[in-house]
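Novice: Take this structure first; my questions come after.
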Amino acid sequence: MTILTQEQTKRICDRVLSLTKADECIVSIGGKRAGNIRFARNAVSTAGLTDDTSITVRVAFGKRQGTASINEFDDKSLERVVRRAEELARLAPENPEFMPAVGKAAFKQSATFVQKTADIDPEIRAQAAAYSIEACRKQGLVAAGFLTDTTSFETIANSNGVFGHQVLTSLDFTCTIRTEDGRGSGWVKRSARDLAKFDPREAADVAIEKALRSVDAKALEPGRYTVVLEPAATSDLLAYMFNGFDARRADEGRSFLSKAGGKNRLGDKLFDEKVNIWTDPWNPDVPVLPWDNDMRARERTALIKDGRVAAMDYSAYWAKQKNARSIGSPGNFIMGGTDKTTAELIANTKKGVLVTRTWYIRMVDPQSVALTGLTRDGTFYIENGKIKHPIKNFRFNESPVALLNNIEEIGKPVVIGGDEGPDPMVIPSMKVRDFNFTSLSDAV
C-alpha cells in the first residue's frame, strides 16, 4: 500500500463533499502498513506485512445521521459510499444529542513521522528477534516476543472547510524470557516513534536478567508493602484512572471525580502534591494527532497540577449542556518525574517489593477506581536498598487514586504504549507505600 499524500487525500475528500446532498458531511480517510515478527521457543513463528486503507463518510439530514465505509477510491465507489450513508441517515431516528460538525480550524502539525521507522524492513525485524533468540540459546533460556512497526496516515475533512492530514510511525516490542524449567520469567516492553531510540539488545538483556534472577522465588506473606513499580506496571494501573476524567461521567455520578448534587471534583486536591500529569499532542517523545476523533483541535492541557484536578474532558454535547469550553480529547498522557533511575529508588528502600509488570487487571469499583490484578515476570523482595531474592507473585487490590496519594519517590519517565495499546504515555517508575497485596499466585 502506498501511503497517500496530502494532495491525493484532498482530492478524494473534495470529490466526496461535492457528491453529497446532505446538510453536512464528514470524511475520514485512514491507511496503515504494519510489519511484524513473532518468535516463540527460540524460533521465529510468523512474520509479515499487512496493509489497509479505507474511507468513512458520515452525513446528516437535520439530526438524522448515517455512516458508511469503503476501501475503494474510484469515482463510482466514492459515489456509492456517499449514497449509502445518505440512505442510512434518512432511515435513522433523530439523535437527541446531535451536534453539528465542527467549524474550520487550523491544526498545528505534530512530529508523528520518522523516516527511519518507516524504512524498517524484514532484515531489521529479523535482527531484533535474533538477538533475543541467540542470547537465550547460549544461556539455556527460552524467548518469546513480538515486534510490530507501523506507518500510517489519517486525513479528515468536513463540509465546513475543515481539513487535516498527517503521517505517523510507531514501533512496539515485547519480550518474555523463561528458564527452561519454567521457574524463572522476565519481561520487557519498549515503545518508540523513532527506530533510533529502540535498542533490542538492551531490551532483551533486561528480560534475561529478570528471568535468571527470578528462579527459586520465595513466598512472602500478603499484606501492605512499600512497592517500587516499574513504568510499565504503573502505566497499566493509571490507564484505568485516566478514563475517569470524562466530565459527563463525573457529573452523572459514574466516576471517582463525581460529587454529590451532580457536580464534579474539578479543582479539588486528590493526589500527592508531587503529582503532575498533562496531555500534549506536540510532546517530542509521544506526539499524537493535533485533532481528536470528533475533529476538535487538541491543546496542551494540565490534567493534574500539584495534586489538584486541573481539567476534565468535555464532549461537544456536554460542554453545551454545562456552558463549558470543549477542546479535543487527550491523545497521550505525560507524568512529570525526576532523573532518578529505578535502581536509585530501590537503593533508597529499606524494605519493599519490586514489581516488573501488572496484568489481568479488572475494575472492581469505577467510583473509586478499585482494581484487582496480578504481578508477574519478575517480582523481587528489597532489603536495605538491594534486591535480596525473588518472591512469588501476588494478587493485588488497589486504586491508582490511592497509589498517587502514597508516593514516596518518583523516578525517571519513559515512553510506554503505542498504536496497539492504550494511548501512549510517558510514565515514571514510582515508589509508593501501603500497596495492598491480598493473596499469593503460583504463576511465574
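Starting from 1 in every chain, residues are counted up; chains themselves are A, B, ... following the order of the C-alpha cells, and ligands are numbered from 1 as listed.
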Neighbours of Lys197 (chain A) within 12 Å (only C-alpha atoms; same-chain residues fewer than 3 positions away dropped), as a list in words?
Specialist: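 These residues fall inside the cut-off: Val114, Lys116, Thr117, Ser170, Leu171, Asp172, Arg190, Ser191, Ala192, Arg193, Asp194, Pro200, Glu202, Ala203, Asp285, Val414 and Val415 of chain A.
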Novice: Can I get the selected residues back with N, CA, C and O atoms, as a CSV table (one decimal), in the first residue's frame?
Specialist:
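And here is the file that came out, selection-v6.csv:
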chain,number,residue,atom,x,y,z
A,114,VAL,N,8.7,9.6,11.5
A,114,VAL,CA,10.2,9.4,11.4
A,114,VAL,C,10.5,8.5,10.3
A,114,VAL,O,10.1,7.4,10.3
A,116,LYS,N,13.2,6.9,9.4
A,116,LYS,CA,13.9,5.7,9.8
A,116,LYS,C,13.0,4.6,10.2
A,116,LYS,O,13.2,3.4,9.9
A,117,THR,N,11.9,4.9,10.9
A,117,THR,CA,10.9,3.9,11.3
A,117,THR,C,10.1,3.4,10.1
A,117,THR,O,9.9,2.2,10.0
A,170,SER,N,5.3,4.3,14.3
A,170,SER,CA,5.5,3.8,15.7
A,170,SER,C,6.1,2.4,15.7
A,170,SER,O,6.1,1.7,14.6
A,171,LEU,N,6.6,2.1,16.8
A,171,LEU,CA,7.3,0.7,17.0
A,171,LEU,C,7.0,0.3,18.4
A,171,LEU,O,7.1,1.0,19.4
A,172,ASP,N,6.6,-1.0,18.5
A,172,ASP,CA,6.3,-1.6,19.9
A,172,ASP,C,7.0,-3.0,19.9
A,172,ASP,O,6.9,-3.8,18.9
A,190,ARG,N,9.1,-2.2,25.2
A,190,ARG,CA,9.7,-0.9,24.7
A,190,ARG,C,8.8,-0.3,23.6
A,190,ARG,O,8.3,-1.1,22.7
A,191,SER,N,8.6,1.0,23.6
A,191,SER,CA,7.8,1.7,22.6
A,191,SER,C,8.6,2.9,22.1
A,191,SER,O,9.3,3.5,22.9
A,192,ALA,N,8.5,3.2,20.8
A,192,ALA,CA,9.2,4.3,20.3
A,192,ALA,C,8.6,4.8,19.0
A,192,ALA,O,8.0,4.0,18.2
A,193,ARG,N,8.7,6.1,18.8
A,193,ARG,CA,8.3,6.7,17.5
A,193,ARG,C,9.4,6.6,16.5
A,193,ARG,O,9.2,6.4,15.3
A,194,ASP,N,10.6,6.6,17.0
A,194,ASP,CA,11.9,6.7,16.2
A,194,ASP,C,12.7,5.4,16.5
A,194,ASP,O,13.0,5.1,17.6
A,200,PRO,N,17.2,-3.3,20.7
A,200,PRO,CA,16.7,-4.7,21.0
A,200,PRO,C,17.6,-5.4,21.9
A,200,PRO,O,17.2,-6.3,22.7
A,202,GLU,N,19.5,-4.1,24.4
A,202,GLU,CA,19.2,-3.6,25.8
A,202,GLU,C,17.9,-4.2,26.3
A,202,GLU,O,17.8,-4.6,27.5
A,203,ALA,N,16.9,-4.2,25.5
A,203,ALA,CA,15.6,-4.8,25.9
A,203,ALA,C,15.7,-6.2,26.3
A,203,ALA,O,15.2,-6.6,27.4
A,285,ASP,N,8.4,13.1,22.6
A,285,ASP,CA,8.5,11.6,22.9
A,285,ASP,C,7.3,10.8,22.5
A,285,ASP,O,7.4,9.7,22.0
A,414,VAL,N,9.5,7.3,31.2
A,414,VAL,CA,9.9,6.6,30.0
A,414,VAL,C,8.6,6.4,29.1
A,414,VAL,O,7.5,6.5,29.6
A,415,VAL,N,8.8,6.2,27.8
A,415,VAL,CA,7.7,6.0,26.9
A,415,VAL,C,7.1,4.6,27.1
A,415,VAL,O,7.8,3.6,27.1
Novice: Show which residues sit within 12 Å of Glu134 (chain A), as a PyMOL selection string. Count only C-alpha atoms, and ignore same-chain residues fewer than 2 positions away.
Specialist: chain A and resi 39+41-44+126-132+136-144+201+204-205+208
Novice: Run DSSP on the backbone of this structure and report the residues of region 69-291 of chain A it assigns to alpha helix (DSSP H), as an MDAnalysis selection string.
Specialist: chainID A and resid 75:91 115:118 122:138 200:213 231:242 247:251
Novice: Show which residues sit within 8 Å of region 147-156 of chain A, as a ChimeraX atom specification. Count only C-alpha atoms, and ignore same-chain residues fewer than 5 positions away.
Specialist: /A:3-4,6,9,26-38,117-118,120,125,129,162-174,295
Novice: Store the residues picked out above, limited to N, CA and C atoms, as a short mmCIF file (atom, residue, chain, number, x, y, z; two decimals), in the first residue's frame.
Specialist:
data_model
loop_
_atom_site.label_atom_id
_atom_site.label_comp_id
_atom_site.auth_asym_id
_atom_site.auth_seq_id
_atom_site.Cartn_x
_atom_site.Cartn_y
_atom_site.Cartn_z
N ILE A 3 1.34 5.00 1.05
CA ILE A 3 0.78 5.97 1.98
C ILE A 3 0.35 7.18 1.16
N LEU A 4 -0.93 7.50 1.17
CA LEU A 4 -1.44 8.57 0.33
C LEU A 4 -0.92 9.92 0.80
N GLN A 6 -0.97 14.21 1.04
CA GLN A 6 -2.00 15.20 1.36
C GLN A 6 -2.75 15.64 0.10
N THR A 9 -5.27 12.80 -0.86
CA THR A 9 -6.45 12.69 0.01
C THR A 9 -7.33 13.94 -0.08
N ILE A 26 -19.05 14.60 6.80
CA ILE A 26 -17.74 14.44 7.45
C ILE A 26 -17.03 13.27 6.78
N VAL A 27 -15.77 13.48 6.42
CA VAL A 27 -14.99 12.46 5.71
C VAL A 27 -13.72 12.16 6.50
N SER A 28 -13.41 10.89 6.64
CA SER A 28 -12.13 10.50 7.22
C SER A 28 -11.54 9.38 6.37
N ILE A 29 -10.24 9.52 6.09
CA ILE A 29 -9.51 8.53 5.32
C ILE A 29 -8.34 8.06 6.16
N GLY A 30 -8.13 6.76 6.23
CA GLY A 30 -7.02 6.23 7.00
C GLY A 30 -6.37 5.06 6.31
N GLY A 31 -5.08 4.96 6.45
CA GLY A 31 -4.35 3.83 5.89
C GLY A 31 -3.21 3.44 6.81
N LYS A 32 -2.89 2.16 6.82
CA LYS A 32 -1.87 1.68 7.75
C LYS A 32 -1.12 0.52 7.13
N ARG A 33 0.21 0.60 7.20
CA ARG A 33 1.08 -0.50 6.80
C ARG A 33 1.80 -0.98 8.05
N ALA A 34 1.60 -2.23 8.43
CA ALA A 34 2.16 -2.76 9.68
C ALA A 34 3.01 -3.99 9.41
N GLY A 35 4.27 -3.89 9.77
CA GLY A 35 5.16 -5.04 9.69
C GLY A 35 5.30 -5.69 11.05
N ASN A 36 5.58 -6.98 11.06
CA ASN A 36 5.69 -7.66 12.35
C ASN A 36 6.58 -8.88 12.25
N ILE A 37 7.09 -9.28 13.41
CA ILE A 37 7.77 -10.56 13.54
C ILE A 37 7.46 -11.10 14.93
N ARG A 38 7.11 -12.37 14.98
CA ARG A 38 6.76 -13.02 16.24
C ARG A 38 7.68 -14.23 16.43
N THR A 117 11.92 4.94 10.91
CA THR A 117 10.94 3.94 11.34
C THR A 117 10.14 3.44 10.14
N ALA A 118 9.78 4.36 9.26
CA ALA A 118 9.03 3.98 8.06
C ALA A 118 9.84 3.05 7.16
N ILE A 120 11.80 0.60 8.13
CA ILE A 120 12.05 -0.72 8.71
C ILE A 120 11.67 -1.80 7.70
N ARG A 125 13.71 -6.33 11.35
CA ARG A 125 12.85 -7.08 12.28
C ARG A 125 13.53 -8.39 12.67
N ALA A 129 14.72 -9.80 16.52
CA ALA A 129 14.34 -11.09 17.10
C ALA A 129 15.55 -11.98 17.34
N VAL A 162 -13.15 22.14 7.20
CA VAL A 162 -12.09 21.51 7.97
C VAL A 162 -11.29 20.57 7.08
N PHE A 163 -9.97 20.60 7.21
CA PHE A 163 -9.13 19.62 6.53
C PHE A 163 -7.85 19.42 7.32
N GLY A 164 -7.46 18.16 7.50
CA GLY A 164 -6.21 17.83 8.17
C GLY A 164 -5.64 16.55 7.61
N HIS A 165 -4.32 16.48 7.52
CA HIS A 165 -3.66 15.28 7.01
C HIS A 165 -2.33 15.13 7.73
N GLN A 166 -2.05 13.91 8.18
CA GLN A 166 -0.78 13.68 8.88
C GLN A 166 -0.37 12.22 8.74
N VAL A 167 0.96 12.01 8.69
CA VAL A 167 1.54 10.67 8.61
C VAL A 167 2.18 10.33 9.94
N LEU A 168 2.07 9.06 10.37
CA LEU A 168 2.56 8.64 11.68
C LEU A 168 3.41 7.37 11.55
N THR A 169 4.35 7.23 12.45
CA THR A 169 5.11 5.98 12.57
C THR A 169 5.16 5.58 14.05
N SER A 170 5.34 4.28 14.28
CA SER A 170 5.48 3.81 15.66
C SER A 170 6.12 2.43 15.66
N LEU A 171 6.63 2.05 16.81
CA LEU A 171 7.26 0.74 17.00
C LEU A 171 6.96 0.26 18.41
N ASP A 172 6.58 -1.00 18.54
CA ASP A 172 6.34 -1.61 19.85
C ASP A 172 6.99 -2.98 19.90
N PHE A 173 7.61 -3.27 21.04
CA PHE A 173 8.32 -4.55 21.21
C PHE A 173 8.06 -5.08 22.62
N THR A 174 7.68 -6.34 22.71
CA THR A 174 7.58 -7.02 24.00
C THR A 174 8.33 -8.33 23.91
N MET A 295 -12.76 15.60 15.42
CA MET A 295 -12.13 16.66 14.65
C MET A 295 -11.92 17.95 15.45
#
Novice: Among region 131-241 of chain A, which ones does DSSP assign to strand (DSSP E or B) (computed from the backbone)? Answer as a PyMOL selection string.
Specialist: chain A and resi 141-158+163-179+185-192+218+223-229
Novice: Can you write out as a tab-separated table which residues of region 281-391 of chain A fall within 8 Å of region 241-265 of chain A, alongside each residue's closest atom pair and its distance in Å to one decimal, counting only C-alpha atoms and ordering rows by chain and ascending residue number?
Specialist:
residue	atom	partner	partner_atom	distance
A:Val309	CA	A:Arg265	CA	7.0
A:Ala311	CA	A:Phe245	CA	8.0
A:Met312	CA	A:Phe245	CA	5.2
A:Asp313	CA	A:Asp246	CA	4.8
A:Tyr314	CA	A:Ala247	CA	5.4
A:Ser315	CA	A:Arg248	CA	8.0
A:Trp318	CA	A:Arg248	CA	6.3
A:Pro366	CA	A:Ser255	CA	5.7
A:Gln367	CA	A:Phe256	CA	4.2
A:Ser368	CA	A:Phe256	CA	5.0
A:Val369	CA	A:Met241	CA	6.3
Novice: Suppose we keep N, CA and C atoms; can you now write the selection as a CSV table (one decimal), in the first residue's frame?
Specialist:
chain,number,residue,atom,x,y,z
A,309,VAL,N,-7.0,18.3,40.6
A,309,VAL,CA,-7.6,18.1,39.3
A,309,VAL,C,-7.7,19.4,38.6
A,311,ALA,N,-8.2,19.9,35.0
A,311,ALA,CA,-9.1,19.9,33.8
A,311,ALA,C,-9.8,18.6,33.7
A,312,MET,N,-10.9,18.7,32.9
A,312,MET,CA,-11.7,17.5,32.6
A,312,MET,C,-12.1,17.5,31.1
A,313,ASP,N,-12.5,16.4,30.6
A,313,ASP,CA,-12.7,16.3,29.2
A,313,ASP,C,-14.2,16.4,28.9
A,314,TYR,N,-14.6,17.5,28.2
A,314,TYR,CA,-16.0,17.8,27.9
A,314,TYR,C,-16.2,17.4,26.4
A,315,SER,N,-17.1,16.6,26.1
A,315,SER,CA,-17.6,16.4,24.8
A,315,SER,C,-18.3,17.6,24.3
A,318,TRP,N,-21.7,17.7,25.9
A,318,TRP,CA,-21.8,18.0,27.3
A,318,TRP,C,-21.3,19.4,27.6
A,366,PRO,N,-15.8,1.4,39.8
A,366,PRO,CA,-15.5,2.6,39.0
A,366,PRO,C,-15.4,3.9,39.8
A,367,GLN,N,-16.2,4.0,40.8
A,367,GLN,CA,-16.3,5.2,41.6
A,367,GLN,C,-15.1,5.4,42.5
A,368,SER,N,-14.3,4.4,42.7
A,368,SER,CA,-13.1,4.6,43.5
A,368,SER,C,-11.9,4.1,42.7
A,369,VAL,N,-12.1,3.7,41.4
A,369,VAL,CA,-11.1,3.1,40.6
A,369,VAL,C,-10.4,1.9,41.3
Novice: Given the choices A:Asn384, A:Thr342, A:Asn283, A:Thr301, which gets closest to Gln109 (chain A) if the distance is worked out from only C-alpha atoms?
Specialist: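 Selected residue with least distance to Gln109 (chain A): A:Asn283.
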Novice: Excluding Tyr225 (chain A) and any residue of its chain fewer than 4 positions from it, enumerate the residues within 10 Å of it, using only C-alpha atoms, and give them as a PyMOL selection string.
Specialist: chain A and resi 351-353+432-437
Novice: Which is closer to Ala239 (chain A) than all the others in A:Val57, A:Ile361, A:Ala310, A:Ala106, using only C-alpha atoms?
Specialist: A:Ile361
Novice: List the neighbours of Asp216 (chain A) out to 12 Å using only C-alpha atoms; skip same-chain residues closer than 4 positions along the sequence, and give me the result as a compact mmCIF listing (two decimals) with all heavy atoms, in the first residue's frame.
Specialist:
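Below is the file that was written, selection-v4.txt:
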# COMPACT_ATOMS: atom_id res chain seq x y z
N THR A 179 13.17 -19.46 32.01
CA THR A 179 14.14 -20.53 32.18
C THR A 179 13.52 -21.81 31.62
O THR A 179 12.30 -21.93 31.55
CB THR A 179 14.50 -20.72 33.66
OG1 THR A 179 13.30 -20.98 34.41
CG2 THR A 179 15.18 -19.48 34.22
N ASP A 181 13.17 -24.70 32.80
CA ASP A 181 12.32 -25.43 33.74
C ASP A 181 11.07 -24.65 34.12
O ASP A 181 10.24 -25.12 34.91
CB ASP A 181 13.10 -25.82 35.00
CG ASP A 181 13.67 -24.60 35.73
OD1 ASP A 181 13.30 -23.46 35.40
OD2 ASP A 181 14.52 -24.81 36.64
N GLY A 182 10.93 -23.44 33.59
CA GLY A 182 9.73 -22.65 33.83
C GLY A 182 9.66 -21.99 35.20
O GLY A 182 8.63 -21.41 35.54
N ARG A 183 10.74 -22.01 35.96
CA ARG A 183 10.69 -21.44 37.31
C ARG A 183 11.07 -19.96 37.35
O ARG A 183 10.85 -19.30 38.35
CB ARG A 183 11.61 -22.23 38.25
CG ARG A 183 11.13 -23.66 38.49
CD ARG A 183 11.99 -24.37 39.52
NE ARG A 183 13.39 -24.44 39.07
CZ ARG A 183 14.43 -24.13 39.85
NH1 ARG A 183 14.23 -23.73 41.08
NH2 ARG A 183 15.66 -24.23 39.38
N GLY A 184 11.64 -19.47 36.28
CA GLY A 184 12.03 -18.07 36.23
C GLY A 184 11.47 -17.40 34.99
O GLY A 184 11.42 -18.01 33.91
N SER A 185 11.03 -16.15 35.12
CA SER A 185 10.45 -15.43 33.99
C SER A 185 10.79 -13.96 34.07
O SER A 185 10.72 -13.35 35.14
CB SER A 185 8.92 -15.61 33.96
OG SER A 185 8.35 -14.96 32.85
N ALA A 211 14.73 -12.96 34.23
CA ALA A 211 14.43 -14.40 34.19
C ALA A 211 15.40 -15.17 35.06
O ALA A 211 15.01 -16.06 35.83
CB ALA A 211 14.47 -14.91 32.76
N LEU A 212 16.69 -14.86 34.95
CA LEU A 212 17.70 -15.57 35.73
C LEU A 212 17.57 -15.28 37.22
O LEU A 212 17.77 -16.18 38.06
CB LEU A 212 19.10 -15.17 35.24
CG LEU A 212 19.47 -15.63 33.82
CD1 LEU A 212 20.79 -15.00 33.37
CD2 LEU A 212 19.56 -17.16 33.76
N GLY A 378 8.77 -11.30 37.16
CA GLY A 378 9.85 -10.65 37.88
C GLY A 378 9.37 -9.81 39.04
O GLY A 378 9.18 -8.60 38.91
N THR A 379 9.15 -10.45 40.20
CA THR A 379 8.75 -9.76 41.42
C THR A 379 9.80 -10.09 42.48
O THR A 379 10.11 -11.27 42.71
CB THR A 379 7.34 -10.21 41.88
OG1 THR A 379 6.42 -10.07 40.77
CG2 THR A 379 6.85 -9.38 43.05
N PHE A 380 10.35 -9.06 43.13
CA PHE A 380 11.52 -9.26 43.98
C PHE A 380 11.36 -8.55 45.33
O PHE A 380 10.72 -7.50 45.43
CB PHE A 380 12.78 -8.73 43.29
CG PHE A 380 13.05 -9.36 41.96
CD1 PHE A 380 12.57 -8.77 40.79
CD2 PHE A 380 13.78 -10.53 41.85
CE1 PHE A 380 12.81 -9.34 39.55
CE2 PHE A 380 14.03 -11.12 40.62
CZ PHE A 380 13.55 -10.53 39.47
N HIS A 389 16.04 -11.29 47.06
CA HIS A 389 15.68 -12.56 46.41
C HIS A 389 14.35 -12.40 45.68
O HIS A 389 13.57 -11.49 45.97
CB HIS A 389 15.59 -13.70 47.44
CG HIS A 389 14.64 -13.44 48.57
ND1 HIS A 389 13.27 -13.48 48.42
CD2 HIS A 389 14.86 -13.14 49.89
CE1 HIS A 389 12.68 -13.23 49.57
NE2 HIS A 389 13.62 -13.01 50.48
N PRO A 390 14.06 -13.31 44.73
CA PRO A 390 12.76 -13.28 44.05
C PRO A 390 11.66 -13.76 44.98
O PRO A 390 11.92 -14.55 45.91
CB PRO A 390 12.95 -14.25 42.88
CG PRO A 390 13.99 -15.21 43.35
CD PRO A 390 14.92 -14.41 44.22
N ILE A 391 10.46 -13.27 44.75
CA ILE A 391 9.31 -13.72 45.56
C ILE A 391 8.17 -14.14 44.63
O ILE A 391 8.11 -13.74 43.47
CB ILE A 391 8.83 -12.62 46.52
CG1 ILE A 391 8.50 -11.33 45.76
CG2 ILE A 391 9.86 -12.36 47.61
CD1 ILE A 391 7.94 -10.23 46.65
N LYS A 392 7.30 -14.98 45.16
CA LYS A 392 6.15 -15.43 44.39
C LYS A 392 5.24 -14.24 44.09
O LYS A 392 5.20 -13.26 44.83
CB LYS A 392 5.38 -16.50 45.17
CG LYS A 392 6.10 -17.83 45.22
CD LYS A 392 5.18 -18.92 45.76
CE LYS A 392 5.86 -20.29 45.66
NZ LYS A 392 4.97 -21.39 46.11
N ASP A 442 0.81 -18.68 42.20
CA ASP A 442 1.89 -19.59 41.86
C ASP A 442 2.45 -19.37 40.47
O ASP A 442 3.51 -19.89 40.12
CB ASP A 442 1.43 -21.04 42.01
CG ASP A 442 1.31 -21.46 43.47
OD1 ASP A 442 2.10 -20.93 44.28
OD2 ASP A 442 0.45 -22.29 43.76
N VAL A 444 4.40 -17.77 37.34
CA VAL A 444 5.63 -17.01 37.30
C VAL A 444 5.43 -15.71 36.54
O VAL A 444 6.28 -14.83 36.58
CB VAL A 444 6.79 -17.81 36.66
CG1 VAL A 444 7.12 -18.99 37.55
CG2 VAL A 444 6.48 -18.22 35.24
Novice: Leu371 (chain A): which residues within 7 Å, counting only C-alpha atoms, same-chain residues fewer than 4 positions away excluded, as a PyMOL selection string?
Specialist: chain A and resi 361-364+397-399
Novice: Produce a file of the selected residues containing all heavy atoms, as a PDB file, in the first residue's frame.
Specialist:
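Output contents, as saved in part14.pdb:
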ATOM      1  N   ILE A 361      -5.703  -7.202  34.781  1.00  0.00           N
ATOM      2  CA  ILE A 361      -6.298  -6.187  35.662  1.00  0.00           C
ATOM      3  C   ILE A 361      -7.782  -6.046  35.332  1.00  0.00           C
ATOM      4  O   ILE A 361      -8.178  -5.978  34.160  1.00  0.00           O
ATOM      5  CB  ILE A 361      -5.581  -4.843  35.483  1.00  0.00           C
ATOM      6  CG1 ILE A 361      -4.088  -4.999  35.778  1.00  0.00           C
ATOM      7  CG2 ILE A 361      -6.179  -3.776  36.401  1.00  0.00           C
ATOM      8  CD1 ILE A 361      -3.265  -3.794  35.392  1.00  0.00           C
ATOM      9  N   ARG A 362      -8.595  -5.981  36.370  1.00  0.00           N
ATOM     10  CA  ARG A 362     -10.036  -5.806  36.213  1.00  0.00           C
ATOM     11  C   ARG A 362     -10.541  -4.725  37.173  1.00  0.00           C
ATOM     12  O   ARG A 362     -10.057  -4.603  38.293  1.00  0.00           O
ATOM     13  CB  ARG A 362     -10.779  -7.125  36.475  1.00  0.00           C
ATOM     14  CG  ARG A 362     -10.458  -8.235  35.490  1.00  0.00           C
ATOM     15  CD  ARG A 362     -10.964  -7.909  34.092  1.00  0.00           C
ATOM     16  NE  ARG A 362     -10.710  -9.001  33.147  1.00  0.00           N
ATOM     17  CZ  ARG A 362      -9.629  -9.116  32.394  1.00  0.00           C
ATOM     18  NH1 ARG A 362      -8.652  -8.211  32.510  1.00  0.00           N
ATOM     19  NH2 ARG A 362      -9.478 -10.118  31.548  1.00  0.00           N
ATOM     20  N   MET A 363     -11.528  -3.979  36.684  1.00  0.00           N
ATOM     21  CA  MET A 363     -12.137  -2.943  37.516  1.00  0.00           C
ATOM     22  C   MET A 363     -13.073  -3.584  38.544  1.00  0.00           C
ATOM     23  O   MET A 363     -13.901  -4.431  38.210  1.00  0.00           O
ATOM     24  CB  MET A 363     -12.920  -1.970  36.632  1.00  0.00           C
ATOM     25  CG  MET A 363     -13.564  -0.827  37.379  1.00  0.00           C
ATOM     26  SD  MET A 363     -12.390   0.443  37.899  1.00  0.00           S
ATOM     27  CE  MET A 363     -12.102   1.280  36.322  1.00  0.00           C
ATOM     28  N   VAL A 364     -12.937  -3.167  39.790  1.00  0.00           N
ATOM     29  CA  VAL A 364     -13.818  -3.634  40.857  1.00  0.00           C
ATOM     30  C   VAL A 364     -14.894  -2.595  41.152  1.00  0.00           C
ATOM     31  O   VAL A 364     -16.066  -2.927  41.304  1.00  0.00           O
ATOM     32  CB  VAL A 364     -13.006  -3.938  42.139  1.00  0.00           C
ATOM     33  CG1 VAL A 364     -13.941  -4.344  43.286  1.00  0.00           C
ATOM     34  CG2 VAL A 364     -11.988  -5.039  41.871  1.00  0.00           C
ATOM     35  N   ASN A 397      -5.278  -5.734  45.284  1.00  0.00           N
ATOM     36  CA  ASN A 397      -6.488  -4.913  45.226  1.00  0.00           C
ATOM     37  C   ASN A 397      -6.055  -3.500  45.566  1.00  0.00           C
ATOM     38  O   ASN A 397      -5.704  -3.215  46.725  1.00  0.00           O
ATOM     39  CB  ASN A 397      -7.552  -5.403  46.213  1.00  0.00           C
ATOM     40  CG  ASN A 397      -8.359  -6.572  45.675  1.00  0.00           C
ATOM     41  OD1 ASN A 397      -7.777  -7.517  45.143  1.00  0.00           O
ATOM     42  ND2 ASN A 397      -9.661  -6.517  45.814  1.00  0.00           N
ATOM     43  N   GLU A 398      -6.068  -2.637  44.577  1.00  0.00           N
ATOM     44  CA  GLU A 398      -5.529  -1.294  44.793  1.00  0.00           C
ATOM     45  C   GLU A 398      -6.166  -0.308  43.824  1.00  0.00           C
ATOM     46  O   GLU A 398      -6.629  -0.691  42.745  1.00  0.00           O
ATOM     47  CB  GLU A 398      -4.003  -1.317  44.601  1.00  0.00           C
ATOM     48  CG  GLU A 398      -3.275  -0.071  45.039  1.00  0.00           C
ATOM     49  CD  GLU A 398      -3.547   0.278  46.489  1.00  0.00           C
ATOM     50  OE1 GLU A 398      -2.821  -0.216  47.378  1.00  0.00           O
ATOM     51  OE2 GLU A 398      -4.507   1.045  46.719  1.00  0.00           O
ATOM     52  N   SER A 399      -6.198   0.951  44.207  1.00  0.00           N
ATOM     53  CA  SER A 399      -6.703   2.017  43.347  1.00  0.00           C
ATOM     54  C   SER A 399      -5.551   2.931  42.955  1.00  0.00           C
ATOM     55  O   SER A 399      -4.753   3.328  43.808  1.00  0.00           O
ATOM     56  CB  SER A 399      -7.772   2.832  44.057  1.00  0.00           C
ATOM     57  OG  SER A 399      -8.044   4.034  43.357  1.00  0.00           O
TER      58      SER A 399
END
Novice: Could you work out how far CA of Leu17 (chain A) lies from CA of Pro96 (chain A), giving the answer in Å with one decimal?
Specialist: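 It comes out at 25.1 Å.
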Novice: Work out how far apart CA of Ala105 (chain A) and CA of Glu299 (chain A) are and give it in Å to one decimal.
Specialist: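 Between these atoms lies a distance of 12.7 Å.
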